[in-house]
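Here's the structure, in structure tokens; my notes come after.
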Amino acid sequence: MNQEIQKYNDSQNPEDKKIGIILSSEIDAFLTEAESKIWHRHPVWFLDGNPVAGYSKLKDSVRLLFWSGQSFDEPNLQNEGSFKAAEARYPTADQINIEDLKRWLEKARNIQWDYKNIVKRKGVLIRLK
């Protein structure tokens with residue numbers, strides 16, 4: 001596991017740390033080709049420089065975010081923001097459904113919008129895959 005992400009997880013309360021360990025382990029195991037790092041103070045995974053998945057601590061839960069998640073057509077992901085992102089929130093580790101997570105990660109690999117160049121395109125997203 002990326003040492004920065006390990007430090008991030010270690011800095012959380014016990015339940016959020018469990019959630020972070022599960023999410024980071026599953027994402028690392030599934031997206032083996034991804035680069036992971038702390039980006040904007042949160043763990044994020046990138047494919048070819050494009051952010052695809054990450055998580056962050058909210059007041060009452062840990063939010064798992066997929067940058068292109070609105071295109072996944074998944075009822076358990078909620079739209080987030082004005083672009084193509086979608087999220088799942090986990091107040092406790094036992095709410096993580098590993099089968100859902102793996103399916104979402106496969107879609108994160110295969111369905112991508114070009115966030116890497118969003119500034120260059122003045123906020124316009126173009127589908128890559």
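Letters A, B, ... mark the chains of the structure tokens in the order given; residue numbers begin at 1 per chain; ligand numbers begin at 1, in order shown.
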Near segment 17-25 of chain A, within 7 Å and counting only C-alpha atoms, which residues show up once chain neighbours fewer than 6 positions away are dropped, as a compact mmCIF listing (two decimals) with N, CA, C and O atoms, in the first residue's frame?
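As a result, out00.txt now contains:
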```txt
# COMPACT_ATOMS: atom_id res chain seq x y z
N ASN A 9 -4.95 6.63 6.42
CA ASN A 9 -5.83 5.69 7.12
C ASN A 9 -5.52 5.64 8.61
O ASN A 9 -6.43 5.63 9.43
N ASP A 10 -4.24 5.62 8.96
CA ASP A 10 -3.83 5.54 10.36
C ASP A 10 -4.26 6.76 11.16
O ASP A 10 -4.42 6.68 12.38
N THR A 92 -20.09 2.72 8.52
CA THR A 92 -19.38 1.60 9.17
C THR A 92 -18.80 0.68 8.10
O THR A 92 -19.32 0.58 6.98
N ALA A 93 -17.74 -0.04 8.48
CA ALA A 93 -17.05 -0.92 7.54
C ALA A 93 -17.94 -2.07 7.07
O ALA A 93 -17.81 -2.53 5.93
```
Quick one: which segment 26-50 of chain A residues come within 12 Å of segment 67-75 of chain A, and what is the nearest atom pair for each with the distance in Å to one decimal, counting only C-alpha atoms, rows ordered by chain and ascending number, as a Markdown table?
```
| residue | atom | partner | partner_atom | distance |
| --- | --- | --- | --- | --- |
| A:Val44 | CA | A:Trp67 | CA | 10.1 |
| A:Trp45 | CA | A:Trp67 | CA | 10.3 |
| A:Phe46 | CA | A:Trp67 | CA | 10.2 |
| A:Leu47 | CA | A:Trp67 | CA | 11.5 |
| A:Asn50 | CA | A:Trp67 | CA | 9.1 |
```
Quick one: write out the picked residues with all heavy atoms as a PDB file, in the first residue's frame?
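Done, and the output landed in selection_10.pdb:
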```pdb
ATOM      1  N   VAL A  44      -6.454   8.931  -3.714  1.00  0.00           N
ATOM      2  CA  VAL A  44      -7.051   8.900  -5.052  1.00  0.00           C
ATOM      3  C   VAL A  44      -6.224   7.970  -5.933  1.00  0.00           C
ATOM      4  O   VAL A  44      -5.002   7.934  -5.833  1.00  0.00           O
ATOM      5  CB  VAL A  44      -7.113  10.315  -5.680  1.00  0.00           C
ATOM      6  CG1 VAL A  44      -7.666  10.273  -7.096  1.00  0.00           C
ATOM      7  CG2 VAL A  44      -7.954  11.254  -4.817  1.00  0.00           C
ATOM      8  N   TRP A  45      -6.906   7.246  -6.819  1.00  0.00           N
ATOM      9  CA  TRP A  45      -6.265   6.354  -7.782  1.00  0.00           C
ATOM     10  C   TRP A  45      -6.472   6.922  -9.180  1.00  0.00           C
ATOM     11  O   TRP A  45      -7.567   7.378  -9.519  1.00  0.00           O
ATOM     12  CB  TRP A  45      -6.862   4.949  -7.679  1.00  0.00           C
ATOM     13  CG  TRP A  45      -6.327   4.200  -6.509  1.00  0.00           C
ATOM     14  CD1 TRP A  45      -5.382   3.214  -6.533  1.00  0.00           C
ATOM     15  CD2 TRP A  45      -6.676   4.361  -5.129  1.00  0.00           C
ATOM     16  NE1 TRP A  45      -5.125   2.771  -5.259  1.00  0.00           N
ATOM     17  CE2 TRP A  45      -5.915   3.455  -4.374  1.00  0.00           C
ATOM     18  CE3 TRP A  45      -7.567   5.194  -4.438  1.00  0.00           C
ATOM     19  CZ2 TRP A  45      -6.001   3.350  -2.986  1.00  0.00           C
ATOM     20  CZ3 TRP A  45      -7.659   5.103  -3.066  1.00  0.00           C
ATOM     21  CH2 TRP A  45      -6.881   4.193  -2.349  1.00  0.00           C
ATOM     22  N   PHE A  46      -5.404   6.855  -9.980  1.00  0.00           N
ATOM     23  CA  PHE A  46      -5.372   7.438 -11.314  1.00  0.00           C
ATOM     24  C   PHE A  46      -5.025   6.370 -12.344  1.00  0.00           C
ATOM     25  O   PHE A  46      -4.143   5.539 -12.101  1.00  0.00           O
ATOM     26  CB  PHE A  46      -4.294   8.525 -11.399  1.00  0.00           C
ATOM     27  CG  PHE A  46      -4.517   9.698 -10.502  1.00  0.00           C
ATOM     28  CD1 PHE A  46      -4.194   9.642  -9.152  1.00  0.00           C
ATOM     29  CD2 PHE A  46      -5.035  10.882 -10.998  1.00  0.00           C
ATOM     30  CE1 PHE A  46      -4.386  10.724  -8.314  1.00  0.00           C
ATOM     31  CE2 PHE A  46      -5.244  11.979 -10.174  1.00  0.00           C
ATOM     32  CZ  PHE A  46      -4.916  11.902  -8.829  1.00  0.00           C
ATOM     33  N   LEU A  47      -5.676   6.420 -13.490  1.00  0.00           N
ATOM     34  CA  LEU A  47      -5.305   5.614 -14.645  1.00  0.00           C
ATOM     35  C   LEU A  47      -4.865   6.572 -15.736  1.00  0.00           C
ATOM     36  O   LEU A  47      -5.629   7.453 -16.132  1.00  0.00           O
ATOM     37  CB  LEU A  47      -6.487   4.758 -15.121  1.00  0.00           C
ATOM     38  CG  LEU A  47      -6.943   3.671 -14.144  1.00  0.00           C
ATOM     39  CD1 LEU A  47      -8.213   2.999 -14.651  1.00  0.00           C
ATOM     40  CD2 LEU A  47      -5.841   2.645 -13.925  1.00  0.00           C
ATOM     41  N   ASN A  50      -5.515  10.174 -15.050  1.00  0.00           N
ATOM     42  CA  ASN A  50      -6.916  10.568 -14.900  1.00  0.00           C
ATOM     43  C   ASN A  50      -7.473   9.994 -13.591  1.00  0.00           C
ATOM     44  O   ASN A  50      -7.418   8.788 -13.376  1.00  0.00           O
ATOM     45  CB  ASN A  50      -7.713  10.028 -16.097  1.00  0.00           C
ATOM     46  CG  ASN A  50      -9.044  10.698 -16.274  1.00  0.00           C
ATOM     47  OD1 ASN A  50      -9.174  11.909 -16.139  1.00  0.00           O
ATOM     48  ND2 ASN A  50     -10.051   9.911 -16.594  1.00  0.00           N
TER      49      ASN A  50
END
```
**Prompt:** From the set A:Glu4, A:Glu35, A:Asp60, A:Asp114, which residue has the shortest atom-to-atom contact distance to Arg89 of chain A, counting only C-alpha atoms?
**Reply:**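 Using only C-alpha atoms, the shortest distance to Arg89 of chain A belongs to A:Asp60.
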**Prompt:** Hey, what's within 10 Å of Phe66 of chain A if we count only C-alpha atoms and toss same-chain stuff fewer than 6 positions away? As a ChimeraX atom specification, please?
**Reply:** /A:44-45,51-55,72,77,79-80,84-88,104-105,107-108,112
**Item:** Nearest to Leu31 of chain A, chosen from A:Gln78, A:Ser61, A:Asn110, A:Asn97, with only C-alpha atoms counted in the distances
**Value:** A:Asn110
**Message:** Nearest residue to Ile96 of chain A out of A:Arg41, A:Asp16, A:Gly49, A:Asn2, using only C-alpha atoms?
**Reply:**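 Nearest candidate to Ile96 of chain A out of A:Arg41, A:Asp16, A:Gly49, A:Asn2: A:Asp16.
In this structure, atom CA of Glu106 of chain A sits 7.9 Å away from atom CA of Phe30 of chain A.
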**Message:** Based on the backbone DSSP call, show me all residues of chain A assigned alpha helix (DSSP H), as a ChimeraX atom specification.
**Reply:** /A:3-10,14-30,98-110
**Request:** Taking the chain letters and numbering used in this document, name the residues of segment 1-119 of chain A that DSSP puts in strand (DSSP E or B), as number ranges by chain.
**Result:** A: 35-39, 42-47, 50-57, 62-66, 78-79, 86-90, 113
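One distance worth recording is that between atom CA of Glu26 of chain A and atom CA of Leu58 of chain A, which is 20.3 Å.
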**Request:** Could you jot down the atom CA of Ile5 of chain A to atom CA of Ser36 of chain A separation for me, Å, one decimal place?
**Result:** 8.1 Å
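Closest approach to Pro43 of chain A from the set A:Gln95, A:Ser82, A:Asn117, A:Ser56 is made by A:Ser56, with distances taken over only C-alpha atoms.
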**Item:** Nearest to Arg127 of chain A, chosen from A:Val62, A:Ile111, A:Ile27, A:Ile98, with only C-alpha atoms counted in the distances
**Value:**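 Closest candidate: A:Ile111.
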